[in-house]
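Here is the file structure.pdb (PDB, C-alpha atoms and all ligand atoms).
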```pdb
ATOM      1  CA  MET A   1       0.000   0.000   0.000
ATOM      2  CA  THR A   2       1.300   3.452  -0.923
ATOM      3  CA  THR A   3       2.123   5.629   2.075
ATOM      4  CA  ALA A   4       1.465   9.376   2.257
ATOM      5  CA  ILE A   5       5.203  10.055   2.181
ATOM      6  CA  GLU A   6       5.609   7.937  -0.957
ATOM      7  CA  THR A   7       2.712   9.829  -2.521
ATOM      8  CA  ALA A   8       4.262  13.201  -1.706
ATOM      9  CA  MET A   9       7.681  12.120  -2.933
ATOM     10  CA  ALA A  10       6.155  10.740  -6.132
ATOM     11  CA  ALA A  11       4.480  14.100  -6.694
ATOM     12  CA  ALA A  12       7.854  15.781  -6.395
ATOM     13  CA  ALA A  13       9.750  13.158  -8.428
ATOM     14  CA  LYS A  14      11.657  14.086 -11.552
ATOM     15  CA  PRO A  15       9.666  13.328 -14.708
ATOM     16  CA  LEU A  16      10.931  10.880 -17.332
ATOM     17  CA  ALA A  17      12.066  11.789 -20.834
ATOM     18  CA  PRO A  18       8.969  12.101 -23.076
ATOM     19  CA  ALA A  19       9.540   8.871 -25.028
ATOM     20  CA  ALA A  20      10.143   6.867 -21.838
ATOM     21  CA  ALA A  21       7.083   8.436 -20.212
ATOM     22  CA  ASP A  22       4.949   7.493 -23.207
ATOM     23  CA  ARG A  23       6.140   3.876 -22.990
ATOM     24  CA  ARG A  24       5.405   3.729 -19.266
ATOM     25  CA  LEU A  25       1.987   5.244 -19.911
ATOM     26  CA  GLU A  26       1.111   2.360 -22.227
ATOM     27  CA  ARG A  27       2.216  -0.140 -19.581
ATOM     28  CA  LEU A  28       0.186   1.590 -16.881
ATOM     29  CA  ILE A  29      -2.895   1.578 -19.077
ATOM     30  CA  ALA A  30      -2.444  -2.130 -19.747
ATOM     31  CA  GLY A  31      -1.899  -2.679 -16.014
ATOM     32  CA  SER A  32      -5.217  -1.011 -15.267
ATOM     33  CA  SER A  33      -6.929  -3.727 -17.345
ATOM     34  CA  TRP A  34      -8.588  -0.859 -19.242
ATOM     35  CA  SER A  35     -11.019  -0.491 -16.345
ATOM     36  CA  GLN A  36     -12.947   2.767 -16.342
ATOM     37  CA  ASP A  37     -13.178   2.518 -12.545
ATOM     38  CA  ALA A  38      -9.384   2.821 -12.399
ATOM     39  CA  LEU A  39      -9.370   6.321 -13.909
ATOM     40  CA  ILE A  40      -8.335   8.291 -10.806
ATOM     41  CA  GLU A  41      -5.708   5.758  -9.746
ATOM     42  CA  LEU A  42      -4.386   5.668 -13.302
ATOM     43  CA  LEU A  43      -4.096   9.469 -13.518
ATOM     44  CA  HIS A  44      -2.394   9.420 -10.130
ATOM     45  CA  ARG A  45       0.249   7.057 -11.521
ATOM     46  CA  VAL A  46       0.575   8.831 -14.864
ATOM     47  CA  GLN A  47       1.259  12.294 -13.435
ATOM     48  CA  PRO A  48       4.753  11.532 -12.029
ATOM     49  CA  LEU A  49       5.839  10.221 -15.446
ATOM     50  CA  TYR A  50       5.507  13.690 -16.982
ATOM     51  CA  GLY A  51       5.459  15.868 -13.862
ATOM     52  CA  TYR A  52       1.906  16.847 -14.801
ATOM     53  CA  LEU A  53      -0.929  15.525 -16.948
ATOM     54  CA  PRO A  54      -0.267  16.616 -20.535
ATOM     55  CA  ALA A  55      -3.129  16.760 -23.029
ATOM     56  CA  SER A  56      -1.598  13.902 -25.039
ATOM     57  CA  ALA A  57      -1.706  11.582 -22.001
ATOM     58  CA  LEU A  58      -5.300  12.533 -21.183
ATOM     59  CA  HIS A  59      -6.310  11.832 -24.788
ATOM     60  CA  ARG A  60      -4.569   8.459 -24.668
ATOM     61  CA  VAL A  61      -6.216   7.497 -21.370
ATOM     62  CA  ALA A  62      -9.643   8.537 -22.649
ATOM     63  CA  GLN A  63      -9.147   6.577 -25.840
ATOM     64  CA  GLU A  64      -7.898   3.414 -24.152
ATOM     65  CA  LEU A  65     -10.484   3.406 -21.361
ATOM     66  CA  ALA A  66     -13.234   4.248 -23.870
ATOM     67  CA  LEU A  67     -14.254   7.286 -21.820
ATOM     68  CA  PRO A  68     -15.353  10.701 -23.134
ATOM     69  CA  LEU A  69     -12.396  13.080 -23.152
ATOM     70  CA  SER A  70     -14.561  15.620 -21.308
ATOM     71  CA  GLN A  71     -14.938  13.139 -18.431
ATOM     72  CA  VAL A  72     -11.193  12.540 -18.174
ATOM     73  CA  TYR A  73     -10.512  16.294 -18.267
ATOM     74  CA  GLY A  74     -13.276  16.822 -15.730
ATOM     75  CA  VAL A  75     -11.644  14.454 -13.239
ATOM     76  CA  ALA A  76      -8.126  15.805 -13.904
ATOM     77  CA  SER A  77      -9.216  19.392 -13.344
ATOM     78  CA  PHE A  78     -11.470  18.675 -10.347
ATOM     79  CA  TYR A  79      -8.837  17.278  -7.971
ATOM     80  CA  HIS A  80      -6.197  19.780  -6.927
ATOM     81  CA  LEU A  81      -3.544  17.071  -6.695
ATOM     82  CA  PHE A  82      -3.636  16.833 -10.491
ATOM     83  CA  HIS A  83      -1.796  19.436 -12.580
ATOM     84  CA  LEU A  84      -2.577  20.245 -16.197
ATOM     85  CA  SER A  85       0.491  22.386 -16.851
ATOM     86  CA  PRO A  86       4.217  21.682 -16.396
ATOM     87  CA  PRO A  87       5.540  22.069 -12.867
ATOM     88  CA  SER A  88       7.698  24.992 -11.827
ATOM     89  CA  ALA A  89      11.415  24.515 -11.294
ATOM     90  CA  GLN A  90      10.994  24.670  -7.510
ATOM     91  CA  ARG A  91       8.216  23.051  -5.554
ATOM     92  CA  CYS A  92       7.480  23.329  -1.887
ATOM     93  CA  GLY A  93       4.688  21.351  -0.246
ATOM     94  CA  VAL A  94       3.573  22.072   3.307
ATOM     95  CA  CYS A  95       1.815  19.430   5.362
ATOM     96  CA  LEU A  96      -1.456  20.799   6.683
ATOM     97  CA  GLY A  97      -2.420  17.653   8.554
ATOM     98  CA  THR A  98      -3.738  18.188  12.069
ATOM     99  CA  ALA A  99      -0.478  17.539  13.920
ATOM    100  CA  CYS A 100       1.588  19.794  11.660
ATOM    101  CA  TYR A 101      -1.109  22.441  11.789
ATOM    102  CA  VAL A 102      -1.128  22.640  15.576
ATOM    103  CA  ARG A 103       2.686  22.621  15.534
ATOM    104  CA  GLY A 104       2.822  25.827  13.482
ATOM    105  CA  ALA A 105       2.198  24.977   9.812
ATOM    106  CA  ALA A 106      -0.067  28.009   9.317
ATOM    107  CA  ALA A 107       2.638  30.452  10.436
ATOM    108  CA  LEU A 108       5.121  28.640   8.211
ATOM    109  CA  VAL A 109       2.783  28.967   5.216
ATOM    110  CA  GLU A 110       2.453  32.703   5.892
ATOM    111  CA  ARG A 111       6.222  33.165   5.803
ATOM    112  CA  LEU A 112       6.639  30.976   2.732
ATOM    113  CA  GLU A 113       3.955  32.910   0.856
ATOM    114  CA  ARG A 114       5.835  36.149   1.526
ATOM    115  CA  ARG A 115       9.142  34.686   0.458
ATOM    116  CA  LEU A 116       7.914  32.881  -2.649
ATOM    117  CA  GLY A 117       5.489  35.585  -3.766
ATOM    118  CA  VAL A 118       2.694  33.079  -4.264
ATOM    119  CA  GLY A 119      -0.354  31.962  -2.337
ATOM    120  CA  LEU A 120      -0.881  28.386  -1.230
ATOM    121  CA  ASP A 121      -2.115  26.211  -4.123
ATOM    122  CA  GLN A 122      -2.007  29.191  -6.497
ATOM    123  CA  PRO A 123      -0.235  29.321  -9.894
ATOM    124  CA  LEU A 124       3.485  30.081 -10.139
ATOM    125  CA  GLY A 125       5.141  32.626  -7.815
ATOM    126  CA  HIS A 126       7.522  35.406  -8.804
ATOM    127  CA  HIS A 127      10.658  33.326  -8.190
ATOM    128  CA  GLY A 128       9.386  30.329 -10.194
ATOM    129  CA  TRP A 129       8.193  28.487  -7.083
ATOM    130  CA  THR A 130       4.928  26.766  -6.400
ATOM    131  CA  LEU A 131       3.611  26.284  -2.892
ATOM    132  CA  ILE A 132       1.198  23.422  -2.392
ATOM    133  CA  SER A 133      -0.718  21.995   0.551
ATOM    134  CA  LEU A 134      -0.223  18.336   1.462
ATOM    135  CA  GLY A 135      -2.104  15.924   3.699
ATOM    136  CA  CYS A 136      -0.452  14.053   6.578
ATOM    137  CA  LEU A 137       2.906  12.644   5.480
ATOM    138  CA  GLY A 138       3.056  10.131   8.313
ATOM    139  CA  ALA A 139       5.947  11.747  10.203
ATOM    140  CA  CYS A 140       3.897  13.958  12.506
ATOM    141  CA  GLY A 141       6.533  14.100  15.269
ATOM    142  CA  GLN A 142       8.875  15.996  12.932
ATOM    143  CA  GLY A 143       6.285  18.606  11.999
ATOM    144  CA  PRO A 144       5.574  21.081  10.793
ATOM    145  CA  LEU A 145       6.823  19.162   7.772
ATOM    146  CA  VAL A 146       7.723  20.473   4.335
ATOM    147  CA  CYS A 147       8.442  18.538   1.130
ATOM    148  CA  LEU A 148      11.085  20.734  -0.519
ATOM    149  CA  ASN A 149      11.636  19.589  -4.087
ATOM    150  CA  HIS A 150      12.725  15.991  -3.463
ATOM    151  CA  ARG A 151      13.267  15.888   0.272
ATOM    152  CA  LEU A 152      11.324  16.108   3.493
ATOM    153  CA  VAL A 153      12.308  18.838   5.944
ATOM    154  CA  GLY A 154      11.024  19.147   9.503
ATOM    155  CA  PHE A 155      10.815  22.435  11.391
ATOM    156  CA  ASP A 156      10.898  23.047  15.130
ATOM    157  CA  SER A 157       7.399  23.676  16.386
ATOM    158  CA  ASP A 158       8.637  26.366  18.772
ATOM    159  CA  ASN A 159      10.904  28.206  16.329
ATOM    160  CA  ALA A 160      11.127  31.891  17.174
ATOM    161  CA  PRO A 161      10.476  34.084  14.103
ATOM    162  CA  ALA A 162      14.159  35.035  13.716
ATOM    163  CA  ALA A 163      15.273  31.388  13.945
ATOM    164  CA  LEU A 164      12.624  30.361  11.457
ATOM    165  CA  GLU A 165      13.736  33.032   8.985
ATOM    166  CA  ALA A 166      17.368  31.946   9.416
ATOM    167  CA  ARG A 167      16.365  28.324   8.726
ATOM    168  CA  LEU A 168      14.482  29.352   5.582
ATOM    169  CA  ASP A 169      17.551  31.310   4.427
ATOM    170  CA  ALA A 170      19.750  28.272   5.036
ATOM    171  CA  LEU A 171      17.398  26.079   2.995
ATOM    172  CA  GLY A 172      17.752  28.448   0.021
ATOM    173  CA  PHE A 173      14.348  30.094   0.042
ATOM    174  CA  PRO A 174      14.359  33.567  -1.545
ATOM    175  CA  SER A 175      14.354  36.547   0.783
ATOM    176  CA  PRO A 176      10.991  38.000   1.727
ATOM    177  CA  ARG A 177       9.794  40.805  -0.511
ATOM    178  CA  PRO A 178       9.606  44.159   1.249
ATOM    179  CA  GLN A 179       6.027  44.991   2.103
ATOM    180  CA  ALA A 180       4.427  47.930   0.332
ATOM    181  CA  PRO A 181       4.118  51.001   2.572
ATOM    182  CA  ALA A 182       0.652  51.561   3.947
ATOM    183  CA  ALA A 183      -1.455  54.107   2.049
ATOM    184  CA  PRO A 184      -1.542  57.528   3.768
TER     185      PRO A 184
HETATM  186  S1  LIG B   1       0.242  15.878  10.183
HETATM  187 FE1  LIG B   1       2.030  16.451   9.097
HETATM  188  S2  LIG B   1       3.144  14.606   8.983
HETATM  189 FE2  LIG B   1       1.326  14.055   9.984
END
```
Structure re-expressed in structure tokens:
Amino acid sequence: MTTAIETAMAAAAKPLAPAAADRRLERLIAGSSWSQDALIELLHRVQPLYGYLPASALHRVAQELALPLSQVYGVASFYHLFHLSPPSAQRCGVCLGTACYVRGAAALVERLERRLGVGLDQPLGHHGWTLISLGCLGACGQGPLVCLNHRLVGFDSDNAPAALEARLDALGFPSPRPQAPAAP
């Protein structure tokens, strides 16, 4: 059974070369036994091959599962864990599971939004980062937990603001943008 950590790491995994991804796609479709009920699971497995769900893959899945393309697009665009455009160069996922939340994930998100210039689960930020929310990664004692590109990083729950900023600097996050002066 796939664990939450494996799921998060798969989401952050490096995509394959296009030809290799296409070959794996065919194998995954065959492995699904062409079952229409397997659509979500299939899309979940296809996405890491390309880093997102390209139109060509959605067409292929619709064709092979004998489903209307509109239905496949509908599912792919409904769930926020699916992405229909290529990923940014830098991805940061923040666990918003209960344990991480009570250990300070919300404050961490606030600081990351300022640094990355992007809201949680919004399109690309000004430094080419995306910031996404994740469910429990199964390592609650290390929370609040972040999946930074391809690795998991835990933060101290009682980090003072200055220590937290220093840690974010050390991890290579861009500096916070200066806030606009308040209107007179
Ligand atoms: S709640 Fe974040 S790892 Fe479990």
Here's the selection I'm unsure about, the PyMOL selection byres (((not hetatm)) within 6 of (chain B and resi 1)); applied to the file above, which residues does it give, as a list in words?
Cys95, Gly97, Thr98, Ala99, Cys100, Cys136, Leu137, Gly138, Ala139, Cys140, Gly143 and Leu145 of chain A
Residues within 6 Å of Arg114 in chain A, all atoms listed in the file, excluding chain neighbours under 3 positions, as an MDAnalysis selection string: chainID A and resid 111 117 176
Closest contacts (range 82-174 of chain A/range 38-62 of chain A, max 12 Å, only C-alpha atoms) as CSV:
```
residue,atom,partner,partner_atom,distance
A:Phe82,CA,A:Tyr52,CA,7.0
A:His83,CA,A:Tyr52,CA,5.0
A:Leu84,CA,A:Leu53,CA,5.1
A:Ser85,CA,A:Tyr52,CA,6.1
A:Pro86,CA,A:Tyr52,CA,5.6
A:Pro87,CA,A:Gly51,CA,6.3
A:Ser88,CA,A:Gly51,CA,9.6
A:Ala89,CA,A:Gly51,CA,10.8
A:Arg91,CA,A:Gly51,CA,11.3
```
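Using only C-alpha atoms for every distance, the candidate list A:Leu171, A:Leu134, A:Ala19, A:Val118 yields A:Leu134 as the residue closest to Leu81 in chain A.
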- May I have the protein, DNA and RNA residues with an atom at most 12 Å from (-1.1, 25.2, -3.1), counting all atoms listed in the file in the file's coordinates, returned as a list in words? His80, Leu81, Phe82, His83, Arg91, Cys92, Gly93, Val94, Cys95, Leu96, Val109, Leu112, Glu113, Leu116, Val118, Gly119, Leu120, Asp121, Gln122, Pro123, Leu124, Gly125, Trp129, Thr130, Leu131, Ile132, Ser133, Leu134 and Gly135 of chain A
Output C-alpha atoms for every residue in that selection, as an mmCIF file, in the coordinates of the input.
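Saved to out.cif:
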```cif
data_model
loop_
_atom_site.group_PDB
_atom_site.id
_atom_site.type_symbol
_atom_site.label_atom_id
_atom_site.label_comp_id
_atom_site.auth_asym_id
_atom_site.auth_seq_id
_atom_site.Cartn_x
_atom_site.Cartn_y
_atom_site.Cartn_z
ATOM 1 C CA HIS A 80 -6.197 19.780 -6.927
ATOM 2 C CA LEU A 81 -3.544 17.071 -6.695
ATOM 3 C CA PHE A 82 -3.636 16.833 -10.491
ATOM 4 C CA HIS A 83 -1.796 19.436 -12.580
ATOM 5 C CA ARG A 91 8.216 23.051 -5.554
ATOM 6 C CA CYS A 92 7.480 23.329 -1.887
ATOM 7 C CA GLY A 93 4.688 21.351 -0.246
ATOM 8 C CA VAL A 94 3.573 22.072 3.307
ATOM 9 C CA CYS A 95 1.815 19.430 5.362
ATOM 10 C CA LEU A 96 -1.456 20.799 6.683
ATOM 11 C CA VAL A 109 2.783 28.967 5.216
ATOM 12 C CA LEU A 112 6.639 30.976 2.732
ATOM 13 C CA GLU A 113 3.955 32.910 0.856
ATOM 14 C CA LEU A 116 7.914 32.881 -2.649
ATOM 15 C CA VAL A 118 2.694 33.079 -4.264
ATOM 16 C CA GLY A 119 -0.354 31.962 -2.337
ATOM 17 C CA LEU A 120 -0.881 28.386 -1.230
ATOM 18 C CA ASP A 121 -2.115 26.211 -4.123
ATOM 19 C CA GLN A 122 -2.007 29.191 -6.497
ATOM 20 C CA PRO A 123 -0.235 29.321 -9.894
ATOM 21 C CA LEU A 124 3.485 30.081 -10.139
ATOM 22 C CA GLY A 125 5.141 32.626 -7.815
ATOM 23 C CA TRP A 129 8.193 28.487 -7.083
ATOM 24 C CA THR A 130 4.928 26.766 -6.400
ATOM 25 C CA LEU A 131 3.611 26.284 -2.892
ATOM 26 C CA ILE A 132 1.198 23.422 -2.392
ATOM 27 C CA SER A 133 -0.718 21.995 0.551
ATOM 28 C CA LEU A 134 -0.223 18.336 1.462
ATOM 29 C CA GLY A 135 -2.104 15.924 3.699
#
```
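Among A:Leu152, A:Ala20, A:Asp37, A:Pro144, the residue with the shortest atom-to-atom distance to Val72 in chain A, counting all atoms listed in the file, is A:Asp37.
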For this session: Starting from the displayed file, determine the output of the PyMOL selection byres (((chain A and resi 157) around 6) and not hetatm) and express the residue list as a VMD selection string.
Result: chain A and resid 103 to 104 156 158 to 159
From CA of Gln63 in chain A to CA of Glu26 in chain A the spacing works out at 11.7 Å
Pairwise distance, CA of Val146 in chain A with CA of Gly74 in chain A, equals 29.3 Å
One residue among A:Val153, A:Val75, A:Leu164, A:Leu65 is nearest to Glu110 in chain A when using all atoms listed in the file, and that residue is A:Leu164
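The gap separating CA of Gly154 in chain A from CA of Gly141 in chain A is 8.9 Å, in Å to one decimal.
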Got a sec: who's within 9 Å of Glu165 in chain A, counting only C-alpha atoms, leaving out chain neighbours fewer than 4 positions off, as a VMD selection string? chain A and resid 111 160 to 161 169 to 170 175
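For the residues A:Pro174, A:Arg167, A:Ala76, A:Gln90, ranking by smallest atom-to-atom distance to Arg151 in chain A using only C-alpha atoms places A:Gln90 first.
When only C-alpha atoms are used to measure the gap to Ala105 in chain A, the shortest distance among A:Phe155, A:Glu64, A:Ala166, A:Ser77 belongs to A:Phe155.
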May I ask you to restore N, CA and C atoms in range 49-76 of chain A and write the result as an mmCIF file, in the frame of the given file?
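Output contents, as saved in part.cif:
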```
data_model
loop_
_atom_site.group_PDB
_atom_site.id
_atom_site.type_symbol
_atom_site.label_atom_id
_atom_site.label_comp_id
_atom_site.auth_asym_id
_atom_site.auth_seq_id
_atom_site.Cartn_x
_atom_site.Cartn_y
_atom_site.Cartn_z
ATOM 1 N N LEU A 49 5.055 10.523 -14.244
ATOM 2 C CA LEU A 49 5.839 10.221 -15.446
ATOM 3 C C LEU A 49 6.228 11.497 -16.177
ATOM 4 N N TYR A 50 5.288 12.452 -16.228
ATOM 5 C CA TYR A 50 5.507 13.690 -16.982
ATOM 6 C C TYR A 50 5.733 14.895 -16.061
ATOM 7 N N GLY A 51 5.411 14.738 -14.786
ATOM 8 C CA GLY A 51 5.459 15.868 -13.862
ATOM 9 C C GLY A 51 4.143 16.621 -13.837
ATOM 10 N N TYR A 52 3.252 16.277 -14.729
ATOM 11 C CA TYR A 52 1.906 16.847 -14.801
ATOM 12 C C TYR A 52 1.105 15.954 -15.737
ATOM 13 N N LEU A 53 -0.114 16.338 -16.048
ATOM 14 C CA LEU A 53 -0.929 15.525 -16.948
ATOM 15 C C LEU A 53 -1.058 16.255 -18.292
ATOM 16 N N PRO A 54 -0.181 15.936 -19.246
ATOM 17 C CA PRO A 54 -0.267 16.616 -20.535
ATOM 18 C C PRO A 54 -1.509 16.188 -21.309
ATOM 19 N N ALA A 55 -1.932 17.051 -22.232
ATOM 20 C CA ALA A 55 -3.129 16.760 -23.029
ATOM 21 C C ALA A 55 -2.992 15.428 -23.761
ATOM 22 N N SER A 56 -1.792 15.147 -24.265
ATOM 23 C CA SER A 56 -1.598 13.902 -25.039
ATOM 24 C C SER A 56 -1.887 12.677 -24.169
ATOM 25 N N ALA A 57 -1.478 12.725 -22.896
ATOM 26 C CA ALA A 57 -1.706 11.582 -22.001
ATOM 27 C C ALA A 57 -3.193 11.451 -21.673
ATOM 28 N N LEU A 58 -3.860 12.586 -21.477
ATOM 29 C CA LEU A 58 -5.300 12.533 -21.183
ATOM 30 C C LEU A 58 -6.072 11.972 -22.379
ATOM 31 N N HIS A 59 -5.666 12.372 -23.577
ATOM 32 C CA HIS A 59 -6.310 11.832 -24.788
ATOM 33 C C HIS A 59 -6.112 10.316 -24.859
ATOM 34 N N ARG A 60 -4.886 9.891 -24.577
ATOM 35 C CA ARG A 60 -4.569 8.459 -24.668
ATOM 36 C C ARG A 60 -5.380 7.656 -23.645
ATOM 37 N N VAL A 61 -5.461 8.183 -22.423
ATOM 38 C CA VAL A 61 -6.216 7.497 -21.370
ATOM 39 C C VAL A 61 -7.689 7.417 -21.758
ATOM 40 N N ALA A 62 -8.231 8.531 -22.253
ATOM 41 C CA ALA A 62 -9.643 8.537 -22.649
ATOM 42 C C ALA A 62 -9.895 7.519 -23.752
ATOM 43 N N GLN A 63 -8.997 7.497 -24.701
ATOM 44 C CA GLN A 63 -9.147 6.577 -25.840
ATOM 45 C C GLN A 63 -9.098 5.120 -25.373
ATOM 46 N N GLU A 64 -8.101 4.811 -24.555
ATOM 47 C CA GLU A 64 -7.898 3.414 -24.152
ATOM 48 C C GLU A 64 -8.963 2.926 -23.167
ATOM 49 N N LEU A 65 -9.458 3.816 -22.326
ATOM 50 C CA LEU A 65 -10.484 3.406 -21.361
ATOM 51 C C LEU A 65 -11.897 3.580 -21.930
ATOM 52 N N ALA A 66 -11.946 4.032 -23.196
ATOM 53 C CA ALA A 66 -13.234 4.248 -23.870
ATOM 54 C C ALA A 66 -14.133 5.175 -23.051
ATOM 55 N N LEU A 67 -13.508 6.279 -22.582
ATOM 56 C CA LEU A 67 -14.254 7.286 -21.820
ATOM 57 C C LEU A 67 -14.302 8.581 -22.633
ATOM 58 N N PRO A 68 -15.345 9.398 -22.467
ATOM 59 C CA PRO A 68 -15.353 10.701 -23.134
ATOM 60 C C PRO A 68 -14.182 11.541 -22.620
ATOM 61 N N LEU A 69 -13.528 12.235 -23.538
ATOM 62 C CA LEU A 69 -12.396 13.080 -23.152
ATOM 63 C C LEU A 69 -12.829 14.120 -22.111
ATOM 64 N N SER A 70 -14.064 14.604 -22.254
ATOM 65 C CA SER A 70 -14.561 15.620 -21.308
ATOM 66 C C SER A 70 -14.595 15.052 -19.887
ATOM 67 N N GLN A 71 -14.893 13.759 -19.772
ATOM 68 C CA GLN A 71 -14.938 13.139 -18.431
ATOM 69 C C GLN A 71 -13.537 13.034 -17.833
ATOM 70 N N VAL A 72 -12.575 12.664 -18.656
ATOM 71 C CA VAL A 72 -11.193 12.540 -18.174
ATOM 72 C C VAL A 72 -10.665 13.927 -17.783
ATOM 73 N N TYR A 73 -10.914 14.924 -18.612
ATOM 74 C CA TYR A 73 -10.512 16.294 -18.267
ATOM 75 C C TYR A 73 -11.237 16.757 -17.013
ATOM 76 N N GLY A 74 -12.498 16.412 -16.892
ATOM 77 C CA GLY A 74 -13.276 16.822 -15.730
ATOM 78 C C GLY A 74 -12.662 16.306 -14.437
ATOM 79 N N VAL A 75 -12.265 15.044 -14.432
ATOM 80 C CA VAL A 75 -11.644 14.454 -13.239
ATOM 81 C C VAL A 75 -10.281 15.106 -12.988
ATOM 82 N N ALA A 76 -9.488 15.260 -14.056
ATOM 83 C CA ALA A 76 -8.126 15.805 -13.904
ATOM 84 C C ALA A 76 -8.156 17.247 -13.401
#
```
